[in-house]
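Everything below concerns the one structure shown next.
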Amino acid sequence: MLNLCVVGAQWGDEGKGKIVDLLTPAFDVAVRYQGGHNAGHTVQIGSSKFVLHLLPSAVLHEGKTCVIGNGVVVDPRALLREIDELRALGITVGSNLHVSASAHVIMPYHSEWEAGSEESRGDRRIGTTCRGIGPCYEDKIGRRGIRVGDLLDPDVFRRLLAENVAEKSRILPALYGREARTIEQYAEEIEACIERIAPYVANVTVLLAKKLREGAAILFEGAQGALLDIDHGTYPFVTSSNSVAGGAATGAGVPPHAVHRVLGVTKAYCTRVGQGPFPTAMGGEMEEAIRERGCEYGASTGRPRRCGWLDLPALRYAAMLNGFHSLALMKLDILSSLDEIKVCTAYKYRDSVLTDFPAETWKLEECEPLYETWKGWNKPIAGCTRFDDLPLEARVFVTRLEDSLLLPCGIISTGSDRDATIVRKGKGLDEWHLPMAAISR
Ligand code: IMP
C-alpha cells in the first residue's frame, strides 16, 4: 500500500486537519512527525468542531493506530488535557495511541525561557505560540533534553531534571531577569503525568517498521507549513522543526523511501500568524473581509491571522521542496463574492523581477508582489461537491493554478464540513479510493 505525507504548502493553517480527516479511512496508521501543541488542526464533523493540537487528527476515527513520532516535542500536560477532552466527547484514545520514547519533553521551564526570549527580541520577536516549542528543540539539539522514555525511570528523570534546572536557574535570571522555579516544583508538575503517559510510550521505529512489513498504509501528518520550516522557511520567523515532507522520515524514524507520495495543502489565498515577511498581505478592508469570512483566527492561540493573496512563487517553492504529487486547494468558497482575484506571479526586488522565492529573508522583506488579476465567479459555491458544478470562472481559476504550478489539484474544499469537498479523479490521489460520493473530472 502507498504511504502519503500531507504537508502545508504555506505558513500553516491551510486546512490540513480537514484533509487528513477525509483521507484517514484509506489508511491504517497516522503519524505526527514534528512540532508540538503549537499546531491547531480543526476538523468540522456535522455540528461538532474538534481542534487537535498534538494528537494525529486520525484519532477521531475509531480503530486507527495513531503515532506521535520522535520528531515531535511533547508537553505531557497538554497531551493528557487533549486526551481527556477527546474522551469527554466520546472519542476512544487508548491502546491505539503510541508516543515515541525518543520524542523530547516540553518542560514548564521551556515556556518561561521562551517568554523571556520573545520579550528580549522587541520588534524582532518571532511571534511564537509561547508553548515552549523552540526552547525544547534547543535543548534537544544541545543534547541536554529530556525524552519521553526518560520519564519512565524516576532516577534518570530526576538526574536530567537536576542538570537542566541547574542550568536554567543561571540562564533565566542572567538573560531575561526571570527566576527559575525549584527542581521540586518542576518535578511535581511532570511526575503527576507520568503514570498516565507510561502506557502509551513505545519504540515507534520498531512499531512502524513492523507496520511497513505488514503492508499497512501510513499517513504522515505534517504540522505548520513549508514556509515555517526551520531550514527552508522564512528564517528566523519560523517554527523550530522540519515541517517539510523530508522531515517525515527523520521525525517518524522510517526510511525516506517509505514516504511514497506527498500532498500539498494550500488555501486559495494566504494567511500568516506571528511575525515575518508576508509579501502578498492584502491590507485594508479586503483583508478584514477575508479574515471574517474565512474565520482566520489562530486555532491554537486565537490570534487574528494576516490575510494575503495567493503567492505563486511561494507555492512553487513549497512544491519544489516537498515534491508534491497533488494539491488540495482549500477555502475556495471564501473568494466567492469577488469580481476579481489577485494572484502574485513574481516579485519586484529593487530593479529586478524574481520568479523564485528568495532564500534570504531580508530580501523577501523588500519584495513587492507583481500581480495578475484573475476573474472571480461572484456566485456562492459553498458546499459544492462536483467540479463540473463550479462556475466557469472557478474552474478556470483551478486550471490556471494547476498550469502555473505544473501540478494536479486532486481536492478542492468548498466549506469547513467534511462533505463540502470535491475529490477529482486522475489528479494524483486515485490509489487510495477516497470514500467520497461525489467524484468528477
Ligand atoms: P512556534 O512554533 O510556537 O515556535 O512559533 C513559531 C512561528 O510559527 C510563529 O510565527 C507561529 O505563529 C507559527 N506557528 C506555529 N505553529 C503554527 C500553526 O500550527 N499554524 C500557523 N502558524 C504556526
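Naming scheme: A, B, ... for chains in displayed order of the C-alpha cells; residues 1 onward per chain; ligands 1 onward as shown.
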
Kindly work out which residues sit at most 8 Å from ligand 1, using only C-alpha atoms and all ligand atoms, and give the list as a PDB file with C-alpha atoms, in the first residue's frame.
```pdb
ATOM      1  CA  TRP A  11       2.632  29.332   6.567  1.00  0.00           C
ATOM      2  CA  GLY A  12       0.392  26.796   8.286  1.00  0.00           C
ATOM      3  CA  ASP A  13      -3.358  26.865   8.871  1.00  0.00           C
ATOM      4  CA  GLY A  35       6.077  20.212  16.014  1.00  0.00           C
ATOM      5  CA  GLY A  36       4.080  20.026  19.184  1.00  0.00           C
ATOM      6  CA  HIS A  37       0.913  21.527  20.609  1.00  0.00           C
ATOM      7  CA  ASN A  38       1.668  24.750  18.729  1.00  0.00           C
ATOM      8  CA  ALA A  39      -0.362  23.153  15.910  1.00  0.00           C
ATOM      9  CA  GLY A  40      -4.121  23.537  15.742  1.00  0.00           C
ATOM     10  CA  HIS A  41      -5.881  21.187  13.361  1.00  0.00           C
ATOM     11  CA  ILE A 126       9.189  35.765  16.291  1.00  0.00           C
ATOM     12  CA  GLY A 127       5.578  35.886  17.453  1.00  0.00           C
ATOM     13  CA  THR A 128       5.679  32.283  18.642  1.00  0.00           C
ATOM     14  CA  THR A 129       2.817  30.420  20.258  1.00  0.00           C
ATOM     15  CA  CYS A 130       4.813  30.615  23.561  1.00  0.00           C
ATOM     16  CA  ARG A 131       4.229  26.936  24.245  1.00  0.00           C
ATOM     17  CA  GLY A 132       7.880  26.099  24.796  1.00  0.00           C
ATOM     18  CA  ILE A 133       8.346  24.518  21.375  1.00  0.00           C
ATOM     19  CA  GLY A 134      11.517  26.361  20.300  1.00  0.00           C
ATOM     20  CA  ALA A 223       2.020  20.372  11.091  1.00  0.00           C
ATOM     21  CA  GLN A 224       2.645  24.104  10.425  1.00  0.00           C
ATOM     22  CA  GLY A 225       3.707  24.689   6.807  1.00  0.00           C
ATOM     23  CA  LEU A 228       7.711  27.814   8.600  1.00  0.00           C
ATOM     24  CA  PHE A 237      10.442  33.742  11.567  1.00  0.00           C
ATOM     25  CA  VAL A 238       9.835  30.011  11.504  1.00  0.00           C
ATOM     26  CA  THR A 239       8.992  27.167  13.831  1.00  0.00           C
ATOM     27  CA  SER A 240      11.828  25.042  15.208  1.00  0.00           C
ATOM     28  CA  ARG A 272       0.159  34.021   8.342  1.00  0.00           C
ATOM     29  CA  VAL A 273       0.159  34.326  12.142  1.00  0.00           C
ATOM     30  CA  GLY A 274       3.163  35.576  14.022  1.00  0.00           C
ATOM     31  CA  GLN A 275       5.836  37.882  12.666  1.00  0.00           C
ATOM     32  CA  GLY A 276       7.877  37.652   9.469  1.00  0.00           C
ATOM     33  CA  GLY A 298      -5.413  31.041  15.159  1.00  0.00           C
ATOM     34  CA  ALA A 299      -6.816  27.648  16.190  1.00  0.00           C
ATOM     35  CA  SER A 300      -4.228  27.409  18.991  1.00  0.00           C
TER      36      SER A 300
END
```

Residues within 9 Å of Pro76 in chain A, please, as a list of chain:residue names. Count only C-alpha atoms; anything in the same chain fewer than 6 positions from it doesn't count.
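Here the qualifying residues turn out to be A:Val105, A:Ile106, A:Met107, A:Val148, A:Ile190, A:Cys193, A:Ile194, A:Ile197.
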
Interatomic distance (Å, one decimal) between CA of Glu393 in chain A and CA of Thr414 in chain A
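One can read the CA of Glu393 in chain A to CA of Thr414 in chain A distance as 14.7 Å.
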
What's around range 319-329 of chain A at 9 Å? Count only C-alpha atoms, leave out sequence neighbours fewer than 2 positions away in its own chain, and write the answer as a ChimeraX atom specification.
/A:7,9,14,16,19,226,232,244-246,261-268,314-317,331-332,398,402,405,407-413,427-429

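When only C-alpha atoms are used to measure the gap to Ala26 in chain A, the shortest distance among A:His61, A:Lys379, A:Lys425, A:Arg306 belongs to A:His61.
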
Could you tell me how far CA of Ala420 in chain A lies from CA of Thr385 in chain A, in Å and to one decimal?
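The value is 6.0 Å.
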
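Going from CA of Leu310 in chain A to CA of Ile45 in chain A covers 27.3 Å.
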
Check the DSSP output for the backbone and give back, as number ranges by chain, the residues of range 195-270 of chain A in strand (DSSP E or B).
A: 201-202, 218-221, 261-267, 270

Please list as a list in words every residue within 8 Å of range 335-341 of chain A, counting only C-alpha atoms and excluding residues in the same chain fewer than 6 positions away.
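So, after excluding close chain neighbours, the residues are Ala268, Ile290, Trp309, Thr373, Trp374, Lys375, Gly376, Trp377, Asn378, Lys379, Pro380 and Ile381 of chain A.
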
List every residue of range 96-228 of chain A that DSSP, applied to the backbone of this structure, places in alpha helix (DSSP H), and write the result as a ChimeraX atom specification.
/A:108-121,133-141,154-176,183-197,204-213

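Comparing A:Ala216, A:Val259, A:Cys367, A:Leu434 by their smallest distance to Pro279 in chain A, the closest is A:Cys367 (using only C-alpha atoms).
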
Using only C-alpha atoms, which of A:Glu431, A:Glu114, A:Asp139, A:Glu365 sits nearest Tyr176 in chain A?
A:Glu114

With only C-alpha atoms as the atoms that count, which of A:Ala359, A:Val43, A:Leu79, A:Val204 lies nearest to Asp231 in chain A?
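That would be A:Ala359, the residue with the smallest distance to Asp231 in chain A.
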
Rank nothing, just name the residue among A:Glu195, A:Glu366, A:Asp28, A:Asp388 nearest to Gly215 in chain A, using only C-alpha atoms.
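Of all the options, A:Asp28 lies closest to Gly215 in chain A.
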
Between A:His260, A:Arg77, A:His98, A:Arg424, which is the closest to Thr205 in chain A once you count only C-alpha atoms?
A:His98

May I have the residues within 12 Å of range 248-257 of chain A as a PyMOL selection string, using only C-alpha atoms and disregarding those fewer than 5 positions away in the same chain?
chain A and resi 2-7+29-36+66-73+98-104+203-213+218-223+241-243+262+322
